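Structure below is target_29.tsv: TSV, C-alpha atoms.
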chain	number	residue	atom	x	y	z
A	705	MET	CA	-32.47	59.95	3.88
A	706	THR	CA	-33.24	60.69	0.26
A	707	PRO	CA	-32.88	58.18	-2.55
A	708	ASP	CA	-29.83	60.13	-3.76
A	709	THR	CA	-27.80	59.54	-0.62
A	710	SER	CA	-28.70	56.05	0.46
A	711	ILE	CA	-29.82	52.71	-0.90
A	712	ASP	CA	-31.51	49.71	0.63
A	713	ILE	CA	-30.18	46.29	-0.25
A	714	GLN	CA	-30.93	42.78	0.87
A	715	LEU	CA	-27.64	41.65	2.45
A	716	ASN	CA	-27.35	38.07	3.69
A	717	GLY	CA	-31.09	37.94	4.05
A	718	LYS	CA	-31.45	41.25	5.91
A	719	ARG	CA	-32.61	44.61	4.60
A	720	GLN	CA	-29.85	47.15	5.15
A	721	SER	CA	-29.13	50.76	4.19
A	722	PHE	CA	-25.86	51.94	2.73
A	723	GLY	CA	-24.67	55.20	1.26
A	724	ALA	CA	-25.23	55.40	-2.47
A	725	GLY	CA	-22.30	54.93	-4.84
A	726	HIS	CA	-20.75	51.77	-3.43
A	727	THR	CA	-18.96	49.30	-5.61
A	728	VAL	CA	-18.60	45.72	-4.43
A	729	THR	CA	-15.03	46.56	-3.40
A	730	THR	CA	-16.05	49.53	-1.24
A	731	LEU	CA	-18.97	47.61	0.24
A	732	LEU	CA	-16.60	44.84	1.38
A	733	GLU	CA	-14.29	47.53	2.80
A	734	ALA	CA	-17.19	49.09	4.68
A	735	LEU	CA	-17.97	45.66	6.13
A	736	GLU	CA	-14.29	45.07	6.93
A	737	LEU	CA	-14.20	41.89	4.87
A	738	HIS	CA	-11.13	40.78	2.96
A	739	PRO	CA	-12.12	40.09	-0.66
A	740	GLY	CA	-10.00	36.92	-0.69
A	741	MET	CA	-11.93	35.48	2.23
A	742	VAL	CA	-15.46	35.74	0.84
A	743	VAL	CA	-17.45	34.88	-2.23
A	744	VAL	CA	-20.01	37.40	-3.43
A	745	GLU	CA	-23.27	36.44	-5.06
A	746	LEU	CA	-25.19	39.38	-6.54
A	747	ASN	CA	-28.79	38.74	-7.56
A	748	ARG	CA	-28.03	34.99	-7.73
A	749	GLU	CA	-24.92	35.46	-9.89
A	750	ILE	CA	-21.47	34.73	-8.53
A	751	LEU	CA	-19.09	37.61	-9.16
A	752	ASP	CA	-15.49	37.32	-10.32
A	753	ARG	CA	-13.15	39.06	-7.92
A	754	GLU	CA	-11.60	41.05	-10.80
A	755	ASN	CA	-14.96	42.72	-11.36
A	756	TYR	CA	-15.56	43.93	-7.80
A	757	ASP	CA	-14.21	47.42	-8.60
A	758	ALA	CA	-16.43	47.86	-11.61
A	759	ILE	CA	-19.73	46.61	-10.24
A	760	LYS	CA	-21.96	49.22	-8.60
A	761	VAL	CA	-24.25	48.28	-5.76
A	762	VAL	CA	-27.73	49.65	-6.46
A	763	GLN	CA	-31.11	49.88	-4.76
A	764	ASP	CA	-32.77	46.50	-4.08
A	765	ASP	CA	-29.72	44.43	-4.95
A	766	MET	CA	-29.72	41.02	-3.31
A	767	ILE	CA	-26.25	40.25	-2.07
A	768	GLU	CA	-25.01	37.08	-0.40
A	769	LEU	CA	-21.57	37.02	1.19
A	770	VAL	CA	-20.41	33.52	1.96
A	771	HIS	CA	-17.28	31.86	3.24
A	772	PHE	CA	-16.01	28.52	4.48
A	773	VAL	CA	-16.95	27.41	7.98
A	774	GLY	CA	-16.45	24.16	9.83
A	775	GLY	CA	-18.39	21.25	8.37
A	776	GLY	CA	-18.27	17.53	7.74
B	1082	MET	CA	9.98	12.67	14.40
B	1083	THR	CA	8.81	10.52	17.28
B	1084	SER	CA	9.07	6.74	17.15
B	1085	THR	CA	5.30	6.57	16.62
B	1086	ASP	CA	5.61	8.66	13.50
B	1087	THR	CA	8.42	6.47	12.20
B	1088	SER	CA	6.30	3.36	12.58
B	1089	MET	CA	3.50	5.20	10.78
B	1090	ASP	CA	5.87	5.93	7.90
B	1091	ASP	CA	6.93	2.28	7.82
B	1092	ALA	CA	3.28	1.24	7.70
B	1093	ARG	CA	2.48	3.66	4.92
B	1094	ALA	CA	5.41	2.37	2.90
B	1095	LEU	CA	3.48	-0.92	2.68
B	1096	ASP	CA	0.55	0.84	1.02
B	1097	GLY	CA	0.69	2.93	-2.12
B	1098	PRO	CA	-0.60	6.46	-2.45
B	1099	PHE	CA	-3.98	6.77	-4.11
B	1100	TYR	CA	-5.53	9.28	-6.44
B	1101	ILE	CA	-8.83	11.11	-6.41
B	1102	GLY	CA	-9.61	12.98	-9.62
B	1103	GLY	CA	-5.91	12.98	-10.50
B	1104	THR	CA	-4.71	14.35	-7.15
B	1105	LYS	CA	-2.42	12.15	-5.08
B	1106	PHE	CA	-3.14	11.42	-1.42
B	1107	VAL	CA	-1.22	9.36	1.09
B	1108	SER	CA	-3.56	9.55	4.06
B	1109	ARG	CA	-6.72	7.53	3.59
B	1110	LEU	CA	-8.40	9.45	6.38
B	1111	ILE	CA	-10.43	12.50	5.38
B	1112	VAL	CA	-11.75	14.63	8.23
B	1113	GLY	CA	-14.40	17.26	8.75
B	1114	THR	CA	-13.99	20.56	10.57
B	1115	GLY	CA	-17.43	20.91	12.15
B	1116	LYS	CA	-18.75	20.73	15.69
B	1117	TYR	CA	-15.46	21.14	17.58
B	1118	GLU	CA	-15.59	22.81	20.98
B	1119	SER	CA	-12.94	25.31	19.90
B	1120	ASN	CA	-10.96	26.16	16.81
B	1121	GLN	CA	-7.73	25.25	18.59
B	1122	ILE	CA	-8.96	21.74	19.40
B	1123	MET	CA	-10.09	21.37	15.79
B	1124	VAL	CA	-6.66	22.32	14.44
B	1125	ASP	CA	-4.84	20.08	16.92
B	1126	ALA	CA	-7.16	17.15	16.17
B	1127	ILE	CA	-6.80	17.54	12.41
B	1128	ARG	CA	-3.02	17.66	12.69
B	1129	ALA	CA	-3.06	14.56	14.89
B	1130	SER	CA	-5.23	12.71	12.36
B	1131	GLY	CA	-2.61	13.09	9.63
B	1132	ALA	CA	-5.40	13.90	7.17
B	1133	GLU	CA	-4.48	15.79	4.03
B	1134	MET	CA	-8.01	16.42	2.79
B	1135	VAL	CA	-10.41	18.28	5.09
B	1136	THR	CA	-14.02	19.16	4.48
B	1137	VAL	CA	-15.54	22.60	4.97
B	1138	ALA	CA	-19.04	24.00	4.60
B	1139	VAL	CA	-20.25	27.09	2.75
B	1140	ARG	CA	-22.30	29.52	4.83
B	1141	ARG	CA	-23.25	33.18	5.03
B	1142	VAL	CA	-20.65	35.42	6.65
B	1143	ASP	CA	-21.85	36.41	10.11
B	1144	LEU	CA	-21.92	40.18	9.63
B	1145	ASP	CA	-22.45	40.77	13.36
B	1146	ARG	CA	-19.05	39.14	13.97
B	1147	SER	CA	-20.46	37.26	16.94
B	1148	LYS	CA	-18.37	34.17	16.15
B	1149	ASP	CA	-14.92	33.69	14.70
B	1150	GLU	CA	-16.12	30.99	12.38
B	1151	ALA	CA	-14.11	31.67	9.20
B	1152	ILE	CA	-12.27	28.39	8.86
B	1153	LEU	CA	-9.44	29.95	6.86
B	1154	HIS	CA	-8.48	32.01	9.92
B	1155	HIS	CA	-7.56	28.74	11.58
B	1156	LEU	CA	-6.56	26.25	8.87
B	1157	ASP	CA	-3.85	27.22	6.42
B	1158	PRO	CA	-5.06	26.20	2.95
B	1159	GLN	CA	-1.39	25.61	2.02
B	1160	ASP	CA	-1.31	22.75	4.52
B	1161	PHE	CA	-4.58	21.03	3.65
B	1162	PHE	CA	-6.61	20.12	0.61
B	1163	LEU	CA	-9.97	21.82	1.17
B	1164	LEU	CA	-13.01	19.81	0.15
B	1165	ALA	CA	-16.08	22.04	0.24
B	1166	ASN	CA	-19.36	20.30	0.90
B	1167	THR	CA	-22.97	21.04	0.04
B	1168	ALA	CA	-24.18	19.94	3.48
B	1169	GLY	CA	-27.59	21.20	4.43
B	1170	CYS	CA	-28.90	21.21	0.84
B	1171	TYR	CA	-32.18	19.41	0.20
B	1172	THR	CA	-32.52	20.01	-3.55
B	1173	ALA	CA	-30.25	19.52	-6.56
B	1174	ASP	CA	-30.52	23.23	-7.39
B	1175	ASP	CA	-29.36	24.29	-3.94
B	1176	ALA	CA	-26.47	21.85	-3.99
B	1177	VAL	CA	-25.35	23.14	-7.40
B	1178	ARG	CA	-25.56	26.73	-6.11
B	1179	TYR	CA	-23.44	25.91	-3.05
B	1180	ALA	CA	-20.91	24.01	-5.15
B	1181	ARG	CA	-20.50	26.96	-7.50
B	1182	LEU	CA	-20.02	29.34	-4.56
B	1183	ALA	CA	-17.41	26.99	-3.13
B	1184	ARG	CA	-15.51	26.78	-6.39
B	1185	ALA	CA	-15.54	30.59	-6.68
B	1186	ALA	CA	-13.52	30.69	-3.44
B	1187	GLY	CA	-10.71	29.66	-5.74
B	1188	PHE	CA	-9.05	26.65	-4.12
B	1189	ASN	CA	-9.94	23.70	-6.33
B	1190	GLU	CA	-12.62	22.08	-8.48
B	1191	PHE	CA	-13.54	19.43	-5.94
B	1192	VAL	CA	-16.87	19.28	-4.18
B	1193	LYS	CA	-18.31	16.88	-1.68
B	1194	LEU	CA	-21.82	16.64	-3.04
B	1195	GLU	CA	-24.45	15.98	-0.44
B	1196	VAL	CA	-28.18	16.29	-1.08
B	1197	ILE	CA	-30.21	15.28	1.94
B	1198	GLY	CA	-33.63	13.71	1.57
B	1199	ASP	CA	-34.86	13.36	5.13
B	1200	GLU	CA	-34.25	15.40	8.27
B	1201	ARG	CA	-34.48	12.59	10.79
B	1202	THR	CA	-32.06	10.17	9.16
B	1203	LEU	CA	-30.13	12.66	7.00
B	1204	LEU	CA	-30.18	9.94	4.37
B	1205	PRO	CA	-29.28	11.18	0.90
B	1206	ASP	CA	-31.85	11.94	-1.78
B	1207	VAL	CA	-30.13	9.78	-4.38
B	1208	HIS	CA	-32.25	11.04	-7.29
B	1209	ALA	CA	-31.41	14.67	-6.54
B	1210	THR	CA	-27.79	13.68	-5.88
B	1211	LEU	CA	-27.53	12.07	-9.31
B	1212	GLU	CA	-29.10	15.09	-10.99
B	1213	ALA	CA	-26.75	17.52	-9.24
B	1214	ALA	CA	-23.75	15.25	-9.85
B	1215	LYS	CA	-24.42	15.24	-13.58
B	1216	THR	CA	-24.80	19.02	-13.73
B	1217	LEU	CA	-21.64	19.62	-11.73
B	1218	ALA	CA	-19.53	17.04	-13.56
B	1219	ASP	CA	-20.61	18.61	-16.85
B	1220	GLU	CA	-19.41	21.98	-15.49
B	1221	GLY	CA	-15.98	20.53	-14.79
B	1222	PHE	CA	-16.36	19.90	-11.08
B	1223	LYS	CA	-14.60	16.94	-9.52
B	1224	VAL	CA	-17.56	15.52	-7.69
B	1225	MET	CA	-17.19	13.28	-4.67
B	1226	ALA	CA	-20.73	12.16	-4.04
B	1227	TYR	CA	-22.13	11.18	-0.65
B	1228	THR	CA	-24.67	8.43	-1.20
B	1229	ASN	CA	-26.46	5.48	0.28
B	1230	ASP	CA	-24.85	2.05	0.48
B	1231	ASP	CA	-26.70	1.22	-2.72
B	1232	LEU	CA	-24.77	-0.35	-5.59
B	1233	ILE	CA	-27.01	0.87	-8.39
B	1234	THR	CA	-26.82	4.50	-7.33
B	1235	ALA	CA	-23.06	4.16	-6.87
B	1236	LEU	CA	-22.73	2.83	-10.43
B	1237	ARG	CA	-24.90	5.65	-11.81
B	1238	LEU	CA	-22.84	8.25	-9.94
B	1239	GLU	CA	-19.72	6.85	-11.54
B	1240	ASP	CA	-21.45	6.89	-14.93
B	1241	VAL	CA	-22.28	10.61	-14.69
B	1242	GLY	CA	-18.64	11.43	-13.99
B	1243	CYS	CA	-18.08	11.50	-10.22
B	1244	VAL	CA	-14.39	11.20	-9.31
B	1245	ALA	CA	-15.24	9.35	-6.09
B	1246	VAL	CA	-18.33	7.72	-4.67
B	1247	MET	CA	-18.89	7.96	-0.93
B	1248	PRO	CA	-21.40	5.50	0.51
B	1249	LEU	CA	-22.35	5.90	4.14
B	1250	ALA	CA	-21.34	3.41	6.82
B	1251	SER	CA	-24.46	4.44	8.76
B	1252	PRO	CA	-26.35	7.74	9.20
B	1253	ILE	CA	-24.40	11.00	9.59
B	1254	GLY	CA	-23.37	11.65	13.18
B	1255	SER	CA	-24.82	8.33	14.39
B	1256	GLY	CA	-21.57	6.57	15.29
B	1257	LEU	CA	-23.18	3.23	14.49
B	1258	GLY	CA	-20.27	1.95	12.40
B	1259	VAL	CA	-20.59	-0.06	9.18
B	1260	VAL	CA	-24.08	-1.52	9.15
B	1261	ASN	CA	-23.72	-3.24	5.79
B	1262	PRO	CA	-20.17	-4.37	5.06
B	1263	TYR	CA	-21.38	-6.64	2.26
B	1264	PHE	CA	-22.81	-3.74	0.24
B	1265	ILE	CA	-19.73	-1.63	0.90
B	1266	ARG	CA	-17.52	-4.45	-0.42
B	1267	GLU	CA	-19.74	-4.96	-3.45
B	1268	ILE	CA	-19.67	-1.23	-4.28
B	1269	LYS	CA	-15.87	-1.22	-3.99
B	1270	ALA	CA	-15.61	-4.33	-6.18
B	1271	ARG	CA	-17.77	-2.87	-8.94
B	1272	LEU	CA	-16.55	0.73	-9.21
B	1273	LYS	CA	-13.41	1.98	-10.91
B	1274	VAL	CA	-13.34	5.34	-9.13
B	1275	PRO	CA	-12.23	5.49	-5.49
B	1276	VAL	CA	-14.79	4.51	-2.88
B	1277	ILE	CA	-14.61	6.54	0.33
B	1278	VAL	CA	-16.90	5.55	3.17
B	1279	ASP	CA	-18.44	8.75	4.50
B	1280	ALA	CA	-20.43	9.05	7.72
B	1281	GLY	CA	-21.33	6.76	10.59
B	1282	VAL	CA	-17.92	5.80	11.98
B	1283	GLY	CA	-18.02	6.09	15.78
B	1284	THR	CA	-14.72	4.84	17.10
B	1285	ALA	CA	-11.40	3.40	16.00
B	1286	SER	CA	-12.65	-0.17	15.54
B	1287	ASP	CA	-15.36	1.12	13.17
B	1288	ALA	CA	-12.71	2.86	11.07
B	1289	CYS	CA	-10.59	-0.28	11.04
B	1290	VAL	CA	-13.51	-2.53	10.02
B	1291	THR	CA	-14.43	-0.01	7.33
B	1292	MET	CA	-10.95	-0.08	5.84
B	1293	GLU	CA	-10.84	-3.89	6.07
B	1294	GLN	CA	-13.63	-3.93	3.47
B	1295	GLY	CA	-11.04	-2.76	0.93
B	1296	VAL	CA	-12.36	0.76	0.37
B	1297	ASP	CA	-9.96	3.53	-0.58
B	1298	GLY	CA	-10.59	5.77	2.39
B	1299	VAL	CA	-12.89	6.92	5.12
B	1300	LEU	CA	-14.32	10.34	5.91
B	1301	MET	CA	-15.36	11.31	9.42
B	1302	ASN	CA	-16.19	14.35	11.51
B	1303	THR	CA	-18.34	13.69	14.57
B	1304	ALA	CA	-16.31	10.67	15.71
B	1305	LEU	CA	-13.44	13.07	16.31
B	1306	ALA	CA	-15.24	16.28	17.25
B	1307	ALA	CA	-17.63	14.64	19.71
B	1308	ALA	CA	-15.04	12.42	21.42
B	1309	ASP	CA	-14.20	13.42	24.99
B	1310	ASP	CA	-10.64	13.98	23.81
B	1311	PRO	CA	-10.70	14.74	20.07
B	1312	VAL	CA	-6.92	14.95	19.71
B	1313	ARG	CA	-6.39	11.52	21.26
B	1314	MET	CA	-9.21	10.06	19.17
B	1315	SER	CA	-7.60	11.53	16.05
B	1316	HIS	CA	-4.39	9.67	16.82
B	1317	ALA	CA	-6.44	6.51	17.32
B	1318	MET	CA	-8.26	6.97	14.02
B	1319	LYS	CA	-5.03	7.59	12.13
B	1320	HIS	CA	-3.71	4.24	13.33
B	1321	ALA	CA	-7.02	2.44	12.88
B	1322	VAL	CA	-7.29	3.50	9.24
B	1323	VAL	CA	-3.74	2.35	8.51
B	1324	ALA	CA	-4.32	-0.90	10.46
B	1325	GLY	CA	-7.51	-1.68	8.56
B	1326	ARG	CA	-5.90	-0.89	5.22
B	1327	LEU	CA	-2.86	-3.07	5.87
B	1328	ALA	CA	-5.03	-5.90	7.18
B	1329	TYR	CA	-7.04	-5.74	3.97
B	1330	LEU	CA	-3.90	-5.76	1.84
B	1331	ALA	CA	-2.36	-8.53	3.93
B	1332	GLY	CA	-5.37	-10.80	3.43
B	1333	ARG	CA	-6.89	-12.22	6.57
B	1334	MET	CA	-6.74	-15.88	7.60
B	1335	PRO	CA	-9.84	-17.99	6.97
B	1336	SER	CA	-12.18	-17.95	9.92
B	1337	SER	CA	-13.35	-21.22	11.44
B	1338	GLU	CA	-15.85	-22.09	14.15
B	1339	ILE	CA	-13.66	-25.03	15.21
B	1340	ALA	CA	-10.35	-24.45	16.97
B	1341	VAL	CA	-7.15	-25.17	15.07
B	1342	PRO	CA	-4.06	-25.75	17.26
B	1343	SER	CA	-1.14	-23.43	16.74
B	1344	SER	CA	1.44	-25.84	18.20
B	1345	PRO	CA	2.38	-29.26	16.72
B	1346	ILE	CA	0.19	-32.15	17.81
B	1347	GLU	CA	3.09	-34.57	17.22
B	1348	GLY	CA	5.99	-34.96	19.66
B	1349	MET	CA	3.91	-34.91	22.81
B	1350	LEU	CA	5.29	-36.95	25.77
B	1351	ASP	CA	3.74	-40.30	26.69

Encoded form using structure tokens:
Amino acid sequence: MTPDTSIDIQLNGKRQSFGAGHTVTTLLEALELHPGMVVVELNREILDRENYDAIKVVQDDMIELVHFVGGG
Amino acid sequence: MTSTDTSMDDARALDGPFYIGGTKFVSRLIVGTGKYESNQIMVDAIRASGAEMVTVAVRRVDLDRSKDEAILHHLDPQDFFLLANTAGCYTADDAVRYARLARAAGFNEFVKLEVIGDERTLLPDVHATLEAAKTLADEGFKVMAYTNDDLITALRLEDVGCVAVMPLASPIGSGLGVVNPYFIREIKARLKVPVIVDAGVGTASDACVTMEQGVDGVLMNTALAAADDPVRMSHAMKHAVVAGRLAYLAGRMPSSEIAVPSSPIEGMLD
């Protein structure tokens, strides 16, 4: 892999490689996650869903994908 | 409708609805969604409880898909008012971060603020809770704050803008019932915002005693999820909460340590 074709990101606490050129939208597609079902935090900032198409995922991004689970 | 449901409607007609942060609720029972053996039992139990507001937690998506844990796959957000919690947070900063993530999910501005101070007792860190409550209220959140059965903290939480204050009955998941009914009554008497007792209820009598203190509602999770039959316990809790509320509104008779006859003492035969 060369830096042109893949990137490493920190995704939900784990280092993972993805092809370069992802937006948040295409990353969620690659992970088979419905955008309405998750909240995305990128480098400690919560993203608006309207911006998912415009935001590029780049090397060393820290991404947290969270959702609602059972709790009291 | 079954006859049981009709009697429940009759009972509720004797009690008004109540409001939390401007939103109207009829059921005074708020339930959690954690720790159920299966998602189906959870859904059945929640429906049986009659609860309108249900709590959920914010966690990382399991990217390995080992568990079907997304609550929205099981609970229709059209049917329930989702109250996201900050459970598991030990600092004000973490709780604020979780609350913001929850709000970004796009359902409502409400958050059940919980900042824990001790792992063994899960008692709240009331200083951190107050700090986070102020930050979140200033950001427009409708904060329902889990706290100790401490009047001063309850008053401060109201002062910083919480829409409800939620003192514990006893530690989370303990099932010990209301350990300090006097403090719960005093908190209810002194606050203007709704008081919801959160945590510690173990069985139906606990829920009933809690509501008899005059509080606006009760929040529970483990009492239902850890019952042998959660659906049956949810029915029991629904009735216990209504029973306790109506008993409070009805005003109980004075208690006496000396017997008082119920039948006339005159007119007895020689």

Considering only C-alpha atoms, return as number ranges by chain whatever protein or nucleic-acid residues lie within 6 Å of Asp712 (chain A), sequence-local ones (same chain, fewer than 3 positions apart) excluded.
A: 720-721, 763-764

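The two atoms in question, CA of Pro1262 (chain B) and CA of Gln1294 (chain B), are spaced 6.7 Å apart.
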
Neighbours of region 1297-1306 of chain B within 8 Å (all atoms listed in the file; same-chain residues fewer than 3 positions away dropped), as an MDAnalysis selection string?
(chainID A and resid 775:776) or (chainID B and resid 1099 1109:1118 1123 1126 1254 1256 1275:1284 1288 1291:1292 1311:1312 1314:1315 1322)

Nearest to Val1296 (chain B) by atom-to-atom distance, counting all atoms listed in the file, from B:Ala1151, B:Glu1195, B:Gly1325, B:Asn1229
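Answer, going by the shortest atom-to-atom distance: B:Gly1325.
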
Proximity check chain B to chain A, 7 Å, nearest pairs one decimal Å, all atoms listed in the file, as CSV:
residue,atom,partner,partner_atom,distance
B:Gly1113,CA,A:Gly776,CA,4.0
B:Thr1114,CA,A:Gly774,CA,4.4
B:Gly1115,CA,A:Gly775,CA,3.9
B:Thr1136,CA,A:Gly776,CA,5.6
B:Val1137,CA,A:Gly775,CA,4.6
B:Ala1138,CA,A:Gly775,CA,4.7
B:Val1139,CA,A:Phe772,CA,4.8
B:Arg1140,CA,A:Val770,CA,5.3
B:Arg1141,CA,A:Val770,CA,4.2
B:Val1142,CA,A:Val770,CA,5.1
B:Glu1150,CA,A:Val773,CA,5.7
B:Ala1151,CA,A:Val773,CA,5.3
B:Ile1152,CA,A:Val773,CA,4.9
B:Leu1182,CA,A:Val743,CA,6.5
B:Ala1185,CA,A:Val743,CA,6.5
B:Ala1186,CA,A:Val743,CA,5.9
B:Asn1302,CA,A:Gly776,CA,5.4

Could you tell me how far CA of Arg719 (chain A) sits from CA of Asp1175 (chain B), in Å to one decimal place?
22.3 Å

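Between CA of Leu1238 (chain B) and CA of Glu1133 (chain B) lies a distance of 24.3 Å.
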
May I have the protein, DNA and RNA residues with an atom at most 12 Å from (-28.7, 53.1, 0.2), counting all atoms listed in the file in the file's coordinates, returned as a list of chain:residue names?
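Protein and nucleic acid residues near the point are A:Met705, A:Thr706, A:Pro707, A:Asp708, A:Thr709, A:Ser710, A:Ile711, A:Asp712, A:Ile713, A:Gln714, A:Leu715, A:Arg719, A:Gln720, A:Ser721, A:Phe722, A:Gly723, A:Ala724, A:Gly725, A:His726, A:Thr727, A:Leu731, A:Lys760, A:Val761, A:Val762, A:Gln763, A:Asp764, A:Asp765.
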
Between B:Leu1327, B:Ala1226, B:Met1134, B:Ala1307, which one has atoms that come closest to Leu1211 (chain B), using all atoms listed in the file?
B:Ala1226

Residues near region 1330-1342 of chain B, cut-off 12 Å, only C-alpha atoms, skip fewer than 4 positions along chain, as a PyMOL selection string
chain B and resi 1092-1093+1095-1097+1292-1297+1323-1326+1346-1347

For each of B:Gly1169, B:Gly1242, B:Gly1348, B:Pro1205, take the minimum atom-to-atom distance to Met1225 (chain B), counting only C-alpha atoms, then give the residue where this is smallest.
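Closest to Met1225 (chain B), using only C-alpha atoms: B:Gly1242.
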
Find the smallest box with edges along x, y and z containing every listed atom of region 711-716 of chain A, then add 5 Å on each side and report centre and edge lengths in Å to one decimal, as JSON.
{"center_x": -29.4, "center_y": 45.4, "center_z": 1.4, "size_x": 14.2, "size_y": 24.6, "size_z": 14.6}
